[in-house]
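Only one structure is covered here, and it is reproduced in the block below.
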Amino acid sequence: MLIAIDPVVVTIGSVAVRWFGLLALAGLGLAVWRSLRALEGAGLPRRLALDAFAWGLPIGLVVARLVHVLGWWDYYLTHAAELWQVNIDGLALWGGLLGGGVIAFARLGSKRALLRRRILDVVAPNVALGIAVGRLGAFLDGHGQGVPSDLPWATRYASPLAATPDFGVPRQPAQVYDALVALALVGILSALPRGWPAGSRVAMFCVMYGAARLLLGAVRLDPPFLFGLQIEQILALGGLAFGAWYGLQPVLAANPLRRARVPDAGQPRAASDLPGDVAA
């Protein structure tokens, strides 16, 4: 499949606006806008979510850059001058999700565990939508192509300005696979019944998107970092584990085996015998 689209949307002086950067910003803006609307519709505090976003975004960008540099450390070892040249293609998505997610999680407050779960549930499908839009930009730009392939849908680019590793070599459209996974997550998370425990949507996002990133490592060009795994695969494995733990918390809290024993008849209950809120 030959992609003949110009990866440069417009040139303003010496600045070239490319599809990847444009749609990555559009995806971020769309995710924030839809999340704020959904929070308002659900009667949840938008100000709290905006505070978490304001802290999470800059930290996420820093961690995204750090993870990218660590993943390609052998390249930057001989190109040290490029360490500070931060472009959209020099950021690791899973680094941003980890750095921004941890800070946002902390800012939402551990003392408001149920509220935090409900806010994250609203945000999760919109994050997936933002990722899908950004990956579309990567596809139009030529960034993120995978290993060479002879499949009918393998892509190659005609423009010499495309960010493809080479020209004339059909490669796996790894960025398209990622976009399709993210779009599927939007549908799945949005369709979950409202009766599910709070936190289920964000937990499913972490588990399913983490599992997808582990599998997509087979067609991506990222170098191995540790134990034969790419650095984003390692972070995705951590995200998967967190999602499984976070999703199981309401179930474990409701398990009768974990509850305190009921006192004998006629004995008053101690305060410690009363079931408490889920703390995570």
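Identifiers in the structure tokens: chain A, B, ... in order shown; residue index from 1 per chain; ligand index from 1 in order shown.
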Set out as CSV a contact list for range 7-52 of chain A and range 73-91 of chain A with a cut-off of 12 Å, giving each residue of range 7-52 of chain A that qualifies its closest atom pair and distance in Å to one decimal, counting only C-alpha atoms, ordered by chain and rising residue number.
```
residue,atom,partner,partner_atom,distance
A:Val17,CA,A:Ile88,CA,11.3
A:Arg18,CA,A:Ile88,CA,9.9
A:Trp19,CA,A:Ile88,CA,10.7
A:Phe20,CA,A:Ile88,CA,7.5
A:Gly21,CA,A:Ile88,CA,6.0
A:Leu22,CA,A:Ile88,CA,9.6
A:Leu23,CA,A:Ile88,CA,10.6
A:Ala24,CA,A:Ile88,CA,8.0
A:Leu25,CA,A:Ile88,CA,9.5
```
Item to check | Near-range 48-53 of chain A list (8 Å; only C-alpha atoms; drop same-chain fewer than 3 positions) as a list in words | outcome: Leu36, Pro45, Gly56, Leu57, Gly100, Ile103, Ala104, Phe105, Arg107, Leu108 and Ile119 of chain A
Pull C-alpha atoms from the residues just selected and write them as a PDB file, in the first residue's frame.
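Listing of result14.pdb after writing:
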```
ATOM      1  CA  LEU A  36     -14.625  17.903  31.000  1.00  0.00           C
ATOM      2  CA  PRO A  45     -15.890  18.201  39.935  1.00  0.00           C
ATOM      3  CA  GLY A  56       0.189  15.594  35.040  1.00  0.00           C
ATOM      4  CA  LEU A  57       0.819  17.121  31.606  1.00  0.00           C
ATOM      5  CA  GLY A 100       1.257  11.913  33.847  1.00  0.00           C
ATOM      6  CA  ILE A 103       0.912  12.471  39.158  1.00  0.00           C
ATOM      7  CA  ALA A 104      -2.763  12.817  38.217  1.00  0.00           C
ATOM      8  CA  PHE A 105      -3.619   9.804  40.388  1.00  0.00           C
ATOM      9  CA  ARG A 107      -3.416  14.840  42.788  1.00  0.00           C
ATOM     10  CA  LEU A 108      -6.920  13.374  42.772  1.00  0.00           C
ATOM     11  CA  ILE A 119     -13.312  10.607  37.596  1.00  0.00           C
TER      12      ILE A 119
END
```
Checklist entry - Would you give me, as a PyMOL selection string, the residues in range 42-211 of chain A that DSSP reads as alpha helix (DSSP H)? => result chain A and resi 46-71+73-78+93-107+113-141+174-191+200-211
Checklist entry - Leaving out range 130-132 of chain A and any residue of its chain fewer than 5 positions from it, which residues lie within 7 Å of it when counting only C-alpha atoms, given as a PyMOL selection string? => result chain A and resi 27-28+30-31+179+182-183
Skip range 217-233 of chain A itself and residues of its chain fewer than 6 positions away, then list as a short mmCIF file (atom, residue, chain, number, x, y, z; two decimals) with C-alpha atoms, in the first residue's frame all residues within 6 Å of it, counting only C-alpha atoms.
```
data_model
loop_
_atom_site.label_atom_id
_atom_site.label_comp_id
_atom_site.auth_asym_id
_atom_site.auth_seq_id
_atom_site.Cartn_x
_atom_site.Cartn_y
_atom_site.Cartn_z
CA GLY A 71 14.93 3.26 25.07
CA TRP A 94 3.86 4.94 27.62
CA GLY A 146 7.13 -1.45 12.01
CA VAL A 147 9.23 -4.29 10.68
#
```
Checklist entry - What is the distance between CA of Ala42 in chain A and CA of Lys111 in chain A, in Å to one decimal? => result 20.3 Å
Checklist entry - Can you list, as a list in words, every protein, DNA or RNA residue that comes within 10 Å of Ser159 in chain A when you count only C-alpha atoms, leaving out same-chain residues fewer than 5 positions away? => result Ile3, Ala4, Ile5, Asp6, Pro7, Val8, Asp141, Gly142, Thr164 and Phe167 of chain A
Restrict the selected residues to N, CA and C atoms and save them as an mmCIF file, in the first residue's frame.
```
data_model
loop_
_atom_site.group_PDB
_atom_site.id
_atom_site.type_symbol
_atom_site.label_atom_id
_atom_site.label_comp_id
_atom_site.auth_asym_id
_atom_site.auth_seq_id
_atom_site.Cartn_x
_atom_site.Cartn_y
_atom_site.Cartn_z
ATOM 1 N N ILE A 3 1.505 5.124 0.355
ATOM 2 C CA ILE A 3 0.934 6.315 0.988
ATOM 3 C C ILE A 3 1.575 7.529 0.322
ATOM 4 N N ALA A 4 0.770 8.266 -0.444
ATOM 5 C CA ALA A 4 1.317 9.378 -1.223
ATOM 6 C C ALA A 4 1.037 10.737 -0.606
ATOM 7 N N ILE A 5 0.425 10.777 0.585
ATOM 8 C CA ILE A 5 0.059 12.050 1.193
ATOM 9 C C ILE A 5 1.308 12.792 1.657
ATOM 10 N N ASP A 6 1.275 14.123 1.556
ATOM 11 C CA ASP A 6 2.382 14.960 2.026
ATOM 12 C C ASP A 6 2.351 14.997 3.551
ATOM 13 N N PRO A 7 3.439 14.579 4.227
ATOM 14 C CA PRO A 7 3.427 14.571 5.693
ATOM 15 C C PRO A 7 3.448 15.968 6.311
ATOM 16 N N VAL A 8 3.752 16.988 5.524
ATOM 17 C CA VAL A 8 3.784 18.363 6.014
ATOM 18 C C VAL A 8 2.452 19.032 5.677
ATOM 19 N N ASP A 141 2.077 10.736 8.816
ATOM 20 C CA ASP A 141 3.429 11.284 8.841
ATOM 21 C C ASP A 141 4.477 10.257 8.416
ATOM 22 N N GLY A 142 4.158 8.979 8.589
ATOM 23 C CA GLY A 142 5.127 7.921 8.331
ATOM 24 C C GLY A 142 5.894 7.504 9.565
ATOM 25 N N THR A 164 9.404 7.709 7.565
ATOM 26 C CA THR A 164 9.642 6.276 7.437
ATOM 27 C C THR A 164 11.131 5.952 7.560
ATOM 28 N N PHE A 167 12.639 4.037 2.153
ATOM 29 C CA PHE A 167 11.646 4.187 1.097
ATOM 30 C C PHE A 167 11.659 2.938 0.219
#
```
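The neighbours of Ile188 in chain A here are the residues that come within 10 Å of it, using only C-alpha atoms and leaving out any residue fewer than 6 positions away in the same chain; they are Pro125, Ala182, Arg201, Met204 and Phe205 of chain A.
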Checklist outcome for this item: re CA of Cys206 in chain A and CA of Phe242 in chain A: distance 7.3 Å
